[in-house]
$ cat final.cif   # mmCIF, C-alpha atoms
data_coords
#
loop_
_atom_site.label_atom_id
_atom_site.label_comp_id
_atom_site.auth_asym_id
_atom_site.auth_seq_id
_atom_site.Cartn_x
_atom_site.Cartn_y
_atom_site.Cartn_z
CA MET A 1 69.73 72.99 81.52
CA ASN A 2 72.65 73.86 79.32
CA ILE A 3 70.38 75.45 76.74
CA LEU A 4 68.57 77.40 79.42
CA TYR A 5 71.88 78.59 80.79
CA SER A 6 73.18 79.73 77.42
CA LEU A 7 69.87 81.42 76.73
CA LEU A 8 70.17 83.27 80.03
CA LEU A 9 73.74 84.20 79.21
CA PHE A 10 72.65 85.48 75.84
CA ILE A 11 69.85 87.56 77.34
CA SER A 12 72.12 88.99 80.02
CA PHE A 13 74.65 89.77 77.31
CA LEU A 14 72.04 91.65 75.29
CA PHE A 15 70.85 93.42 78.38
CA THR A 16 74.22 94.50 79.71
CA ASN A 17 75.33 95.55 76.25
CA SER A 18 72.37 97.82 75.76
CA THR A 19 72.53 99.32 79.23
CA THR A 20 76.26 99.84 79.69
CA TYR A 21 76.93 101.15 76.22
CA GLN A 22 78.10 104.72 76.33
CA GLY A 23 80.79 106.83 74.76
CA TYR A 24 82.36 106.40 71.37
CA ASP A 25 82.77 103.32 69.30
CA ILE A 26 85.13 102.87 66.38
CA GLY A 27 84.06 105.05 63.47
CA ASP A 28 82.21 107.61 65.59
CA LEU A 29 82.76 111.31 65.14
CA ALA A 30 84.65 112.63 68.20
CA THR A 31 83.67 115.90 69.79
CA ASP A 32 86.06 118.80 69.88
CA PHE A 33 86.57 120.63 73.18
CA LYS A 34 88.06 123.76 74.62
CA LEU A 35 89.96 122.86 77.76
CA GLU A 36 92.52 124.72 79.84
CA ASN A 37 96.13 123.69 79.47
CA ILE A 38 98.74 123.84 82.24
CA ASP A 39 100.02 127.13 80.75
CA GLY A 40 96.62 128.79 81.24
CA LYS A 41 95.77 128.78 77.54
CA PHE A 42 92.80 126.92 76.13
CA VAL A 43 93.32 124.10 73.65
CA SER A 44 90.98 122.62 71.04
CA LEU A 45 91.54 119.93 68.43
CA SER A 46 90.64 122.52 65.80
CA ASP A 47 93.72 124.56 66.83
CA PHE A 48 95.83 121.92 65.10
CA LYS A 49 95.01 122.89 61.54
CA ASP A 50 97.43 120.48 59.88
CA ALA A 51 96.88 117.50 62.17
CA LYS A 52 96.20 114.25 60.35
CA GLY A 53 94.92 112.87 63.61
CA PHE A 54 95.31 112.88 67.37
CA ILE A 55 96.37 110.65 70.21
CA VAL A 56 93.90 111.69 72.92
CA VAL A 57 95.02 110.24 76.25
CA PHE A 58 92.91 110.49 79.39
CA THR A 59 95.55 110.39 82.10
CA CYS A 60 96.45 111.88 85.46
CA ASN A 61 99.22 112.35 88.03
CA THR A 62 97.90 110.08 90.73
CA CYS A 63 97.21 106.73 89.08
CA PRO A 64 100.17 104.34 89.27
CA TYR A 65 99.36 102.91 85.83
CA ALA A 66 99.25 106.41 84.35
CA VAL A 67 102.58 107.18 85.99
CA LEU A 68 104.10 104.01 84.55
CA TYR A 69 103.06 105.19 81.10
CA GLU A 70 104.15 108.87 81.39
CA ASP A 71 107.44 108.41 79.58
CA ARG A 72 105.80 106.32 76.89
CA ILE A 73 103.13 108.98 76.32
CA GLU A 74 105.87 111.57 75.98
CA ALA A 75 107.71 109.29 73.55
CA LEU A 76 104.56 108.94 71.45
CA ASN A 77 104.28 112.72 71.20
CA LYS A 78 107.96 113.11 70.30
CA LYS A 79 107.61 110.54 67.56
CA TYR A 80 104.21 111.38 66.13
CA ALA A 81 103.54 115.12 66.71
CA ILE A 82 105.97 115.97 63.91
CA GLN A 83 104.25 113.40 61.72
CA GLY A 84 100.89 115.10 62.23
CA TYR A 85 99.53 113.04 65.13
CA PRO A 86 100.05 115.04 68.35
CA VAL A 87 99.28 113.71 71.82
CA ILE A 88 96.53 115.61 73.64
CA ALA A 89 96.44 114.58 77.30
CA ILE A 90 93.29 115.25 79.32
CA MET A 91 93.09 114.91 83.10
CA PRO A 92 89.52 113.72 83.82
CA ASN A 93 89.46 113.34 87.63
CA ASN A 94 87.55 115.52 90.06
CA VAL A 95 90.35 117.43 91.81
CA GLU A 96 88.32 117.66 95.00
CA THR A 97 88.50 113.89 95.24
CA LYS A 98 92.07 113.77 93.95
CA PRO A 99 93.90 116.94 95.04
CA GLY A 100 97.06 115.42 93.57
CA ASP A 101 95.56 116.06 90.15
CA SER A 102 95.06 119.82 90.63
CA MET A 103 96.15 122.18 87.89
CA GLU A 104 99.15 123.15 89.99
CA SER A 105 100.15 119.49 90.45
CA MET A 106 99.64 118.82 86.74
CA ARG A 107 101.88 121.79 85.93
CA LYS A 108 104.59 120.57 88.31
CA ARG A 109 104.44 117.03 86.99
CA ALA A 110 104.58 118.18 83.38
CA LEU A 111 107.57 120.40 84.12
CA SER A 112 109.51 117.74 86.00
CA LYS A 113 108.79 115.11 83.32
CA GLY A 114 109.35 117.56 80.46
CA PHE A 115 106.02 116.90 78.78
CA THR A 116 105.91 118.43 75.31
CA PHE A 117 102.19 117.75 74.77
CA PRO A 118 99.20 119.77 76.04
CA TYR A 119 98.07 118.52 79.44
CA LEU A 120 94.48 119.72 79.78
CA MET A 121 92.00 119.57 82.60
CA ASP A 122 88.47 118.34 81.96
CA VAL A 123 86.95 120.97 84.24
CA GLY A 124 83.43 119.96 85.20
CA GLN A 125 84.11 116.45 83.84
CA LYS A 126 82.12 117.08 80.67
CA ILE A 127 84.38 115.64 77.99
CA TYR A 128 85.47 112.22 79.25
CA PRO A 129 81.88 110.87 79.47
CA LEU A 130 81.29 111.83 75.83
CA TYR A 131 84.34 109.81 74.85
CA GLY A 132 83.34 107.02 77.21
CA ALA A 133 86.66 106.98 79.04
CA THR A 134 86.44 104.94 82.23
CA LYS A 135 89.98 104.99 83.54
CA THR A 136 93.45 106.46 83.37
CA PRO A 137 95.25 105.90 81.10
CA HIS A 138 92.65 105.47 78.35
CA VAL A 139 93.62 106.25 74.75
CA TYR A 140 91.56 107.37 71.75
CA VAL A 141 93.33 107.60 68.39
CA LEU A 142 91.45 109.97 66.10
CA GLU A 143 91.81 110.51 62.38
CA SER A 144 91.13 113.95 60.91
CA THR A 145 88.60 113.80 58.08
CA SER A 146 86.60 116.40 56.18
CA SER A 147 83.65 115.73 58.48
CA GLY A 148 85.75 115.94 61.67
CA PRO A 149 87.89 113.70 63.89
CA ILE A 150 86.85 110.05 63.62
CA VAL A 151 87.61 107.49 66.37
CA ARG A 152 89.91 104.80 64.97
CA TYR A 153 91.33 103.13 68.07
CA ILE A 154 90.24 102.84 71.73
CA GLY A 155 92.18 101.23 74.55
CA GLY A 156 95.60 100.77 76.06
CA ILE A 157 99.00 102.01 74.93
CA ASP A 158 100.82 98.69 74.66
CA ASP A 159 100.80 95.15 75.99
CA ASN A 160 103.22 95.46 78.90
CA TYR A 161 102.61 98.11 81.53
CA LYS A 162 105.45 96.83 83.66
CA ASP A 163 108.34 97.13 81.28
CA ALA A 164 108.44 99.12 78.06
CA SER A 165 111.38 97.04 76.87
CA LEU A 166 109.29 93.85 77.00
CA VAL A 167 106.44 95.24 74.91
CA LYS A 168 105.51 92.99 72.00
CA THR A 169 102.70 95.08 70.53
CA ASN A 170 102.51 98.86 70.61
CA TYR A 171 98.78 99.21 70.06
CA VAL A 172 98.80 102.98 69.57
CA GLU A 173 101.86 102.98 67.30
CA GLU A 174 100.35 100.18 65.21
CA ALA A 175 97.11 102.13 64.87
CA ILE A 176 98.93 105.27 63.71
CA GLU A 177 101.21 103.39 61.33
CA SER A 178 98.11 101.79 59.81
CA LEU A 179 96.44 105.19 59.42
CA LYS A 180 99.59 106.56 57.81
CA ASN A 181 99.72 103.65 55.40
CA GLY A 182 96.01 103.71 54.71
CA VAL A 183 95.48 100.12 55.81
CA ALA A 184 93.00 98.67 58.28
CA ILE A 185 94.02 98.81 61.94
CA LYS A 186 94.51 95.25 63.19
CA GLN A 187 93.38 95.81 66.76
CA THR A 188 90.94 98.69 67.02
CA LYS A 189 90.05 98.05 70.65
CA THR A 190 92.14 96.74 73.52
CA LYS A 191 91.61 96.45 77.24
CA ALA A 192 94.02 97.61 79.92
CA ILE A 193 93.92 97.98 83.67
CA GLY A 194 93.68 101.52 84.94
CA CYS A 195 92.38 103.63 87.80
CA SER A 196 88.71 104.44 87.63
CA ILE A 197 88.08 108.10 86.84
CA LYS A 198 87.36 109.85 90.13
CA LEU A 199 84.01 111.63 90.46
CA MET B 1 76.28 98.05 126.60
CA LYS B 2 78.80 100.69 127.73
CA TYR B 3 81.08 98.02 129.08
CA VAL B 4 80.87 96.05 125.89
CA LEU B 5 81.83 99.14 123.94
CA MET B 6 84.70 99.88 126.25
CA PHE B 7 85.85 96.34 125.94
CA LEU B 8 85.69 96.57 122.14
CA VAL B 9 87.63 99.82 122.16
CA PHE B 10 90.16 98.22 124.44
CA LEU B 11 90.36 95.22 122.15
CA SER B 12 90.91 97.32 119.05
CA PHE B 13 93.64 99.22 120.83
CA SER B 14 95.34 96.10 121.95
CA CYS B 15 95.06 94.74 118.40
CA LYS B 16 96.70 97.84 117.04
CA SER B 17 99.71 97.61 119.28
CA GLU B 18 100.02 93.99 118.38
CA VAL B 19 99.88 94.88 114.69
CA LYS B 20 102.70 97.35 115.04
CA THR B 21 105.04 94.81 116.51
CA LYS B 22 104.08 92.22 113.93
CA VAL B 23 104.58 94.47 110.93
CA LYS B 24 108.22 94.84 111.79
CA ASP B 25 108.93 91.31 110.72
CA LEU B 26 107.23 90.72 107.38
CA THR B 27 109.45 87.78 106.66
CA LEU B 28 107.32 85.79 109.08
CA LEU B 29 104.22 86.32 106.95
CA PRO B 30 103.12 83.51 104.68
CA PRO B 31 104.33 84.03 101.12
CA LEU B 32 101.91 85.64 98.67
CA GLU B 33 100.17 83.43 96.13
CA ILE B 34 101.19 85.03 92.83
CA TYR B 35 99.79 83.84 89.52
CA ASP B 36 99.56 84.80 85.89
CA PHE B 37 96.01 84.76 84.47
CA SER B 38 96.01 81.02 83.85
CA GLY B 39 96.52 80.59 87.58
CA ILE B 40 93.71 83.01 88.44
CA GLU B 41 91.16 81.71 85.93
CA PRO B 42 90.16 78.62 87.95
CA TYR B 43 89.09 80.93 90.80
CA LEU B 44 86.63 82.58 88.43
CA ASN B 45 85.01 79.23 87.70
CA LEU B 46 84.90 77.34 90.98
CA GLU B 47 82.32 74.61 91.00
CA GLY B 48 81.71 74.20 94.71
CA SER B 49 78.37 74.71 96.42
CA LYS B 50 79.21 78.18 97.72
CA THR B 51 78.62 81.59 96.25
CA TYR B 52 81.93 83.11 95.25
CA ILE B 53 82.77 86.80 95.40
CA ILE B 54 85.88 87.78 93.44
CA ASN B 55 87.04 91.36 93.96
CA PHE B 56 89.82 92.89 91.84
CA TRP B 57 91.68 95.54 93.83
CA ALA B 58 95.03 97.07 94.65
CA THR B 59 96.47 98.86 97.66
CA TRP B 60 97.09 101.96 95.51
CA CYS B 61 93.42 102.11 94.41
CA ALA B 62 91.59 104.40 96.87
CA PRO B 63 88.00 103.27 96.10
CA CYS B 64 89.16 99.64 96.34
CA VAL B 65 90.68 100.15 99.76
CA LYS B 66 87.55 101.97 100.90
CA GLU B 67 85.23 99.07 100.07
CA LEU B 68 87.60 96.30 101.13
CA PRO B 69 86.36 96.13 104.75
CA HIS B 70 82.88 95.30 103.44
CA PHE B 71 84.20 92.26 101.61
CA GLU B 72 86.02 91.25 104.75
CA SER B 73 82.84 91.66 106.83
CA ILE B 74 80.74 89.76 104.30
CA GLN B 75 83.18 86.88 104.42
CA GLN B 76 82.92 86.79 108.19
CA ALA B 77 79.11 87.11 108.13
CA TYR B 78 78.58 84.30 105.60
CA LYS B 79 81.41 81.94 106.42
CA LYS B 80 79.42 78.85 105.52
CA ASP B 81 77.86 79.86 102.21
CA VAL B 82 80.23 82.39 100.73
CA GLU B 83 83.87 82.48 99.74
CA VAL B 84 85.41 85.85 99.08
CA ILE B 85 88.65 86.01 97.10
CA LEU B 86 90.54 89.27 96.78
CA VAL B 87 92.60 89.42 93.58
CA SER B 88 95.33 92.01 94.05
CA LEU B 89 96.67 93.88 91.04
CA ASP B 90 99.48 95.47 93.01
CA PHE B 91 102.77 95.95 91.21
CA PRO B 92 105.47 93.34 91.88
CA ALA B 93 107.87 95.98 93.23
CA GLN B 94 105.33 96.72 95.96
CA TYR B 95 104.47 93.20 97.08
CA GLU B 96 106.80 93.41 100.07
CA THR B 97 106.60 97.14 100.74
CA LYS B 98 102.86 97.74 100.29
CA LEU B 99 100.76 94.63 99.82
CA LYS B 100 102.09 92.44 102.62
CA PRO B 101 102.07 95.27 105.17
CA PHE B 102 98.51 96.12 104.06
CA ILE B 103 97.32 92.56 104.59
CA GLU B 104 99.00 92.54 107.97
CA THR B 105 97.90 95.93 109.30
CA HIS B 106 94.31 95.33 108.19
CA GLN B 107 94.49 91.79 109.54
CA LEU B 108 92.79 90.50 106.39
CA LYS B 109 91.34 87.08 106.98
CA THR B 110 89.90 86.89 103.49
CA LYS B 111 91.91 84.97 100.93
CA VAL B 112 94.19 87.22 98.86
CA ILE B 113 95.74 86.06 95.60
CA VAL B 114 97.94 88.18 93.37
CA LEU B 115 97.56 88.56 89.62
CA ASP B 116 100.79 89.40 87.83
CA ASP B 117 100.20 89.27 84.09
CA PRO B 118 101.24 92.32 82.05
CA ASP B 119 99.44 91.27 78.84
CA MET B 120 96.21 92.78 80.12
CA ASN B 121 94.33 92.79 76.82
CA SER B 122 94.62 89.01 76.72
CA TRP B 123 92.89 88.39 80.04
CA ILE B 124 90.61 91.35 80.88
CA PRO B 125 87.91 90.19 78.42
CA LYS B 126 88.09 86.68 79.92
CA VAL B 127 87.03 88.08 83.29
CA ASP B 128 84.11 89.88 81.68
CA LEU B 129 83.49 91.24 78.20
CA ASN B 130 82.14 94.50 79.62
CA TRP B 131 85.19 95.23 81.77
CA SER B 132 87.20 98.13 80.39
CA GLY B 133 89.98 97.57 82.92
CA ALA B 134 89.12 100.15 85.58
CA ILE B 135 89.25 98.87 89.16
CA PRO B 136 87.64 98.06 91.48
CA VAL B 137 85.37 95.46 89.90
CA THR B 138 83.64 92.49 91.47
CA LEU B 139 82.39 89.18 90.17
CA ILE B 140 79.74 87.26 92.10
CA TYR B 141 78.78 83.77 90.99
CA ASN B 142 77.50 80.41 92.02
CA SER B 143 76.28 77.32 90.19
CA SER B 144 73.17 79.07 88.88
CA LYS B 145 73.95 82.78 88.56
CA ARG B 146 76.84 85.02 87.60
CA SER B 147 77.12 88.83 87.64
CA PHE B 148 79.91 91.30 87.04
CA TYR B 149 79.91 94.67 88.82
CA ASN B 150 81.75 97.67 87.44
CA ARG B 151 81.12 99.66 90.63
CA THR B 152 81.91 100.01 94.29
CA PHE B 153 79.82 98.68 97.16
CA THR B 154 78.72 99.74 100.60
CA TYR B 155 78.23 96.86 103.03
CA ASN B 156 74.45 97.00 102.61
CA GLU B 157 74.65 97.10 98.83
CA LEU B 158 76.96 94.11 98.79
CA ASP B 159 74.79 92.28 101.28
CA SER B 160 71.58 92.82 99.32
CA GLU B 161 73.27 91.86 96.05
CA LEU B 162 74.62 88.72 97.67
CA LYS B 163 71.18 87.77 98.97
CA ASN B 164 69.98 87.47 95.36
CA PHE B 165 72.55 84.74 94.91
CA LEU B 166 71.93 82.95 98.16
CA THR B 167 68.24 82.57 97.39
CA THR B 168 68.91 81.13 93.93
CA ASN B 169 71.50 78.64 95.04
#

$ encode --input "final.cif" --output "structure tokens"
Amino acid sequence: MNILYSLLLFISFLFTNSTTYQGYDIGDLATDFKLENIDGKFVSLSDFKDAKGFIVVFTCNTCPYAVLYEDRIEALNKKYAIQGYPVIAIMPNNVETKPGDSMESMRKRALSKGFTFPYLMDVGQKIYPLYGATKTPHVYVLESTSSGPIVRYIGGIDDNYKDASLVKTNYVEEAIESLKNGVAIKQTKTKAIGCSIKL
Amino acid sequence: MKYVLMFLVFLSFSCKSEVKTKVKDLTLLPPLEIYDFSGIEPYLNLEGSKTYIINFWATWCAPCVKELPHFESIQQAYKKDVEVILVSLDFPAQYETKLKPFIETHQLKTKVIVLDDPDMNSWIPKVDLNWSGAIPVTLIYNSSKRSFYNRTFTYNELDSELKNFLTTN
């Protein structure tokens, strides 16, 4: 019975893995995009000629987890944009489902929080499925290479959503520090709770 | 039939007014069962004869709140064979202001337990390897079958999914 059970588990594992796999894995080439920013201008990764990499964050106004991380996302940009790793925030929700994530609301939120990073809207929801983002916030750390931006880290921002002062591991910071130092990233994928992206 | 309907409408109205008066005094509600993941894990591996439905939700999660009545109805419809457990991921600061009033105003009869464990990367994969962390998600299992659902349910969808388990158990 035990063997049968583990065999079943194994088969279901194979099955679910092959059917639910979508989006990028570590080492994949990430697509560029041209998305509208809150200032009306369009932003692409290729605009950042000198970027060594990117912190692409799928986030929004309306998810409590995303809100809890707003200041930390801003802090990441303050720290790493000047080092060549800017934050690019993308709002992936359908605004008809979540009116609180409209361009106007994004603009207001960015102004009141003093965001210094681009806050783009994934109009038509074309980009987040390519990345495989499922929730907000959902982070992709990319490294610029001669062949394009390569995915180096996928997951959460750190290991304590409740309290930034109690964080033991800053996953994103560790990933970037490793890239800077040319060493392997210890944790290339982490899991974090978030709000499902609204269709 | 008309009279039954009228009676039901009357009942729901009378319930509502009752709810309003009750909500005023939340201190009378039973305390929430709050656990870190080690306290939640046993509920994911219960060994009784029932089929267990574990739904991860939060009051701030719109799609979760939308499907919650179906879990409540399923629990009522299959009292003997099914145990539904609602695992709330509400934030501690909102236990008293949001979660308890929600349980009270919706008159939830289904068991609610609260997961408070900020080290999410340590426990999300233990619920299911394919869970990225978006909610709602649902786990249905019994002694012979176990499935994880990264999706929302209508009542009929949940009912037909559940039937697969009840026939195998």

$ interface_residues --input "final.cif" --of "chain B" --to "chain A" --cutoff "8 Å" --atoms "all atoms listed in the file" --output "list in words"
Trp60, Cys61, Pro118, Asp119, Met120, Asn121, Ile124, Pro125, Asn130, Trp131, Ser132, Gly133, Ala134, Ile135 and Pro136 of chain B

$ residues_around --input "final.cif" --residues "Met121 in chain A" --least-positions-apart "3" --cutoff "7 Å" --atoms "only C-alpha atoms" --output "VMD selection string"
chain A and resid 35 to 37 90 to 92

$ resolve_selection --input "final.cif" --expression "the PyMOL selection byres ((chain A and resi 42) around 12)" --output "number ranges by chain"
A: 33-41, 43-47, 118-123

$ write_last_selection --input "final.cif" --atoms "C-alpha atoms" --output "short mmCIF file (atom, residue, chain, number, x, y, z; two decimals), in the frame of the given file"
data_model
loop_
_atom_site.label_atom_id
_atom_site.label_comp_id
_atom_site.auth_asym_id
_atom_site.auth_seq_id
_atom_site.Cartn_x
_atom_site.Cartn_y
_atom_site.Cartn_z
CA PHE A 33 86.57 120.63 73.18
CA LYS A 34 88.06 123.76 74.62
CA LEU A 35 89.96 122.86 77.76
CA GLU A 36 92.52 124.72 79.84
CA ASN A 37 96.13 123.69 79.47
CA ILE A 38 98.74 123.84 82.24
CA ASP A 39 100.02 127.13 80.75
CA GLY A 40 96.62 128.79 81.24
CA LYS A 41 95.77 128.78 77.54
CA VAL A 43 93.32 124.10 73.65
CA SER A 44 90.98 122.62 71.04
CA LEU A 45 91.54 119.93 68.43
CA SER A 46 90.64 122.52 65.80
CA ASP A 47 93.72 124.56 66.83
CA PRO A 118 99.20 119.77 76.04
CA TYR A 119 98.07 118.52 79.44
CA LEU A 120 94.48 119.72 79.78
CA MET A 121 92.00 119.57 82.60
CA ASP A 122 88.47 118.34 81.96
CA VAL A 123 86.95 120.97 84.24
#

$ atom_distance --input "final.cif" --atom1 "CA of Tyr171 in chain A" --atom2 "CA of Phe115 in chain A"
21.0 Å

$ resolve_selection --input "final.cif" --expression "the PyMOL selection byres ((chain B and resi 159) around 10)" --output "list in words"
His70, Phe71, Ser73, Ile74, Ala77, Tyr78, Phe153, Thr154, Tyr155, Asn156, Glu157, Leu158, Ser160, Glu161, Leu162, Lys163 and Asn164 of chain B

$ closest_residue --input "final.cif" --among "A:Val183, A:Cys60, A:Ile176, A:Ala164" --to "Glu143 in chain A" --atoms "all atoms listed in the file"
A:Ile176

$ resolve_selection --input "final.cif" --expression "the PyMOL selection byres ((chain A and resi 185-188) around 6)" --output "ChimeraX atom specification"
/A:153,175,178,184,189

$ axis_aligned_box --input "final.cif" --around "range 28-46 of chain A" --padding-each-side "6 Å" --output "JSON"
{"center_x": 91.1, "center_y": 118.2, "center_z": 73.7, "size_x": 29.8, "size_y": 33.2, "size_z": 29.1}

$ atom_distance --input "final.cif" --atom1 "CA of Phe56 in chain B" --atom2 "CA of Ser165 in chain A"
26.6 Å

$ closest_atom_pairs --input "final.cif" --of "range 106-144 of chain B" --to "range 94-98 of chain B" --cutoff "12 Å" --atoms "all atoms listed in the file" --output "tab-separated table"
residue	atom	partner	partner_atom	distance
B:His106	CA	B:Lys98	CA	11.9
B:Ile113	CA	B:Tyr95	CA	11.4
B:Val114	CA	B:Tyr95	CA	9.0
B:Leu115	CA	B:Tyr95	CA	11.2
B:Asp116	CA	B:Tyr95	CA	10.7

$ residues_near_point --input "final.cif" --point "(79.2, 88.0, 92.8)" --cutoff "6 Å" --atoms "all atoms listed in the file" --output "CSV table (one decimal) with C-alpha atoms, keeping the file's coordinate frame"
chain,number,residue,atom,x,y,z
B,53,ILE,CA,82.8,86.8,95.4
B,139,LEU,CA,82.4,89.2,90.2
B,140,ILE,CA,79.7,87.3,92.1
B,141,TYR,CA,78.8,83.8,91.0
B,147,SER,CA,77.1,88.8,87.6

$ atom_distance --input "final.cif" --atom1 "CA of Ala110 in chain A" --atom2 "CA of Lys52 in chain A"
24.8 Å

$ residues_around --input "final.cif" --residues "range 24-27 of chain A" --least-positions-apart "6" --cutoff "8 Å" --atoms "all atoms listed in the file" --output "PyMOL selection string"
chain A and resi 130-132+150-154+188

$ write_last_selection --input "final.cif" --atoms "C-alpha atoms" --output "CSV table (one decimal), in the coordinates of the input"
chain,number,residue,atom,x,y,z
A,130,LEU,CA,81.3,111.8,75.8
A,131,TYR,CA,84.3,109.8,74.8
A,132,GLY,CA,83.3,107.0,77.2
A,150,ILE,CA,86.8,110.0,63.6
A,151,VAL,CA,87.6,107.5,66.4
A,152,ARG,CA,89.9,104.8,65.0
A,153,TYR,CA,91.3,103.1,68.1
A,154,ILE,CA,90.2,102.8,71.7
A,188,THR,CA,90.9,98.7,67.0

$ closest_residue --input "final.cif" --among "B:Ile103, B:Val137, B:Leu32, B:Leu166" --to "Cys64 in chain B" --atoms "only C-alpha atoms"
B:Val137
